[in-house]
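To keep things clear, I will list the structure first and then write my remarks on it.
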Amino acid sequence: MEQPIERLERLRAEALQGGGEARIAAQHGKGKLTARQRIDLLLDPGTFEEMGMLVKHRSTNFGLDKQQFLGDGVVTGYGQVDGRLVYVFSQDFTVLGGSLAEAHAKKICRIMDLAMQNGAPLIGLNDSGGARIQEGVVSLGGYADIFYRNVRASGVIPQLSGILGPCAGGAVYSPALTDFIFMAEGSSYMFVTGPNVVKTVTHEEVTSEDLGGAKAHATKSGVTHFTARNEALVIQDIKDVLSYLPQNCEEEPIRLDYQEGDETRLKLDSVIPESAQQPYDIREVILEIVDAETFKEVQKDHAENMVCGFARLAGQSIGVVANQPAFLAGVLDIKASTKAARFVRTCDAFNVPLLVFEDVPGFLPGTDQEWNGIITNGAKLLYAFSEATVPRVTVITRKAYGGAYDVMNSQHIGADLVYAWPKAEIAVMGAKGAAEIIFRKEIAASADPEATWKEKEAEYAELFAHPYNAAARGYVDEVILPRNTRAKLIRAFKMLENKVDTLPRKKHGNLPL
């Protein structure tokens, strides 16, 4: 008879083999790591405590009774990332294609419940062929059990999803419900229906990569927030983002030690072009103001007229939202509005203060925007800022026109402080367009319409194309020299660190979806 300790060691060794050496070799042949290798990269050495290693499925349909694997295709447990407790599940494609069914789902749900009860981040490493067809509706029920917990955990604990292989059908909705999605280029994809179904239904010929690869979701759909060349870099991105977030909604992000020095940034005095029509890269402003090498941009290749990302300012974690004049003049459109709104709500959920850089000529006009809902989509950003209770500071670098001035974290919707640079123009619209409307009759009746138009444009600009009317009204708290912006912001966020603001009692608001 096998001795108890020998039996345990044999079972553990069997579980560690996953789907066996041949399948592990096949996984490596695709440039992919195994489920356990991914966990080893993610967690601090020696901190992983596995749970459910000996779990097996109980299905006998379609020969499954002859395909028993310990762990049932997912490795679950807890450990530490940079000394912080996290819970993790990592799907094992070498075991039944990482397919999800009853036992597999229960392991994930168990980890999710513990993460919620103990207020710690949940990290999912997804690599699955989807629902295990042989188990039928039980598989679908397993997915729904996970979705339900994703929603319950939303805004309570950070939830991060790494897509490191296929993620199709119902499997995509769990990552979609989490805070951030990370994808590996060339080896991961997400879609509700695959290329074969698409071809059958719509007669479109498309590859998995073009339909739902990392590049497609980074540029076109905006589904993924980060992409990287390989799995090791994806996992590093997960750890980087985690460093800016607290353990849960009741805690503050970790503040790093910082020694103040000369915070003057002379380069900022010359970053704005002489002509208001000339573009510049707002990242130059961001990188000058935040702590060196701390800016982590989110959805970099999607809605490029809006820049969002995490950074540190004097060691404090902050969320940065900025119009990008170098792309579509920084105009607000559907994609930019929804991108920023989602980021603002994520920061607010996890007590990350918001820094907004504003240079916006307005909302993008056109039938495409109107028919696709710029009204409700633009309102999402307005709603997100208005609802946010974290410290919020805005810097108007140049243009702040029309309704977009209101939406981009103006004092009117709750900004704690609003600064403007001397070249800021805060008005209903640009001087050229305003002159054309206000003085239309005079221009038309003039002997020299072009000269009259320029004269009236200059007149309007003298009256409104500056920050001083807004400052006179108190809508701008201070007009500052660009070089002093970093120092002002450090003091501002220091002043606001004990801010308390509560929303009216309600079940929840009705976000314009």
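Following the order of the structure tokens, chains are lettered A, B, ..., residues in each are numbered from 1, and ligands are numbered from 1.
Listed by chain and then by rising number, the residues of segment 182-294 of chain A that DSSP assigns to strand (DSSP E or B) from the backbone are Phe182, Met183, Ala184, Tyr189, Met190, Phe191, Gly213, Phe226, Thr227 and Ala228 of chain A.
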List as a ChimeraX atom specification the protein and nucleic acid residues near segment 66-81 of chain A, meaning an atom at most 6 Å away when only C-alpha atoms are counted, but skip any in the same chain fewer than 5 places from it. /A:15,43-44,47-51,53-56,86-92,95,98,104
Shell around Gln236 of chain A at 10 Å using only C-alpha atoms, local window under 6 positions removed, as a PDB file with C-alpha atoms, in the first residue's frame:
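Done, and the output landed in around_9.pdb:
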```
ATOM      1  CA  LEU A  41       7.078  35.920 -12.943  1.00  0.00           C
ATOM      2  CA  LEU A  42       4.224  37.816 -11.320  1.00  0.00           C
ATOM      3  CA  ALA A 228       3.467  44.259 -24.872  1.00  0.00           C
ATOM      4  CA  LEU A 242      -0.664  47.715  -9.501  1.00  0.00           C
TER       5      LEU A 242
END
```
So which bits of segment 95-285 of chain A end up helix (DSSP H, G or I) when you DSSP the backbone, as a PyMOL selection string? chain A and resi 96-98+102-118+133-135+137-153+169-176+195-202+208-212+214-221+231-244+266-270+282-285
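Ranking A:Ala487, A:Val201, A:Ile375, A:Ala349 by their shortest atom-to-atom distance to Asp262 of chain A, with only C-alpha atoms included, puts A:Ala487 first.
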What separates atom CA of Lys499 of chain A and atom CA of Ile480 of chain A is a distance of 23.4 Å
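Across A:Glu260, A:Asp333, A:Asp82, A:Glu185, the tightest approach to Glu304 of chain A is made by A:Asp333 when counting only C-alpha atoms.
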From the options A:Leu160, A:Ile396, A:Ala492, A:Val307, which residue's atoms come nearest to Leu417 of chain A, counting only C-alpha atoms? A:Ala492
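Relative to atom CA of Arg38 of chain A, atom CA of Thr178 of chain A is found at 19.3 Å.
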Skipping near chain neighbours, those fewer than 2 positions away, what residues fall within 8 Å of Ile426 of chain A using only C-alpha atoms, listed as number ranges by chain? A: 399-401, 405, 424, 428, 464-467, 470
Deliver the residues from the most recent selection as a file, using N, CA and C atoms, as a PDB file, in the first residue's frame.
```
ATOM      1  N   LYS A 399      -6.143  76.400 -25.120  1.00  0.00           N
ATOM      2  CA  LYS A 399      -7.549  76.626 -25.452  1.00  0.00           C
ATOM      3  C   LYS A 399      -8.489  75.923 -24.467  1.00  0.00           C
ATOM      4  N   ALA A 400      -9.566  76.623 -24.128  1.00  0.00           N
ATOM      5  CA  ALA A 400     -10.651  76.024 -23.353  1.00  0.00           C
ATOM      6  C   ALA A 400     -11.934  76.629 -23.895  1.00  0.00           C
ATOM      7  N   TYR A 401     -12.448  75.988 -24.950  1.00  0.00           N
ATOM      8  CA  TYR A 401     -13.559  76.565 -25.701  1.00  0.00           C
ATOM      9  C   TYR A 401     -14.869  75.807 -25.460  1.00  0.00           C
ATOM     10  N   TYR A 405     -14.914  73.273 -22.338  1.00  0.00           N
ATOM     11  CA  TYR A 405     -14.320  73.935 -21.166  1.00  0.00           C
ATOM     12  C   TYR A 405     -14.998  73.440 -19.897  1.00  0.00           C
ATOM     13  N   ALA A 424      -3.489  81.034 -22.130  1.00  0.00           N
ATOM     14  CA  ALA A 424      -4.789  80.352 -22.147  1.00  0.00           C
ATOM     15  C   ALA A 424      -5.868  81.241 -22.754  1.00  0.00           C
ATOM     16  N   VAL A 428     -16.218  81.022 -25.522  1.00  0.00           N
ATOM     17  CA  VAL A 428     -17.220  80.153 -26.143  1.00  0.00           C
ATOM     18  C   VAL A 428     -16.642  79.499 -27.382  1.00  0.00           C
ATOM     19  N   PHE A 464     -11.598  88.487 -25.141  1.00  0.00           N
ATOM     20  CA  PHE A 464     -11.878  87.163 -24.593  1.00  0.00           C
ATOM     21  C   PHE A 464     -10.761  86.126 -24.716  1.00  0.00           C
ATOM     22  N   ALA A 465      -9.794  86.295 -25.622  1.00  0.00           N
ATOM     23  CA  ALA A 465      -8.794  85.255 -25.868  1.00  0.00           C
ATOM     24  C   ALA A 465      -7.649  85.331 -24.861  1.00  0.00           C
ATOM     25  N   HIS A 466      -8.002  85.233 -23.594  1.00  0.00           N
ATOM     26  CA  HIS A 466      -7.019  85.258 -22.502  1.00  0.00           C
ATOM     27  C   HIS A 466      -7.691  84.668 -21.254  1.00  0.00           C
ATOM     28  N   PRO A 467      -6.933  84.453 -20.196  1.00  0.00           N
ATOM     29  CA  PRO A 467      -7.519  83.827 -19.008  1.00  0.00           C
ATOM     30  C   PRO A 467      -8.065  84.807 -17.977  1.00  0.00           C
ATOM     31  N   ALA A 470     -11.931  84.939 -16.900  1.00  0.00           N
ATOM     32  CA  ALA A 470     -12.248  83.796 -16.036  1.00  0.00           C
ATOM     33  C   ALA A 470     -11.630  83.979 -14.657  1.00  0.00           C
TER      34      ALA A 470
END
```
Skip Leu268 of chain A itself and residues of its chain fewer than 2 positions away, then list as a PyMOL selection string all residues within 6 Å of it, counting only C-alpha atoms. chain A and resi 265-266+270-271+482-483
Using only C-alpha atoms, please write the residues we just selected to a file, as a PDB file, in the first residue's frame.
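As written to disk, part.pdb reads:
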```
ATOM      1  CA  ARG A 265      10.819  73.695 -15.106  1.00  0.00           C
ATOM      2  CA  LEU A 266      12.036  76.394 -17.514  1.00  0.00           C
ATOM      3  CA  SER A 270       8.483  77.681 -24.427  1.00  0.00           C
ATOM      4  CA  VAL A 271       6.415  74.553 -25.030  1.00  0.00           C
ATOM      5  CA  PRO A 482       4.408  77.570 -16.867  1.00  0.00           C
ATOM      6  CA  ARG A 483       7.820  77.125 -15.218  1.00  0.00           C
TER       7      ARG A 483
END
```
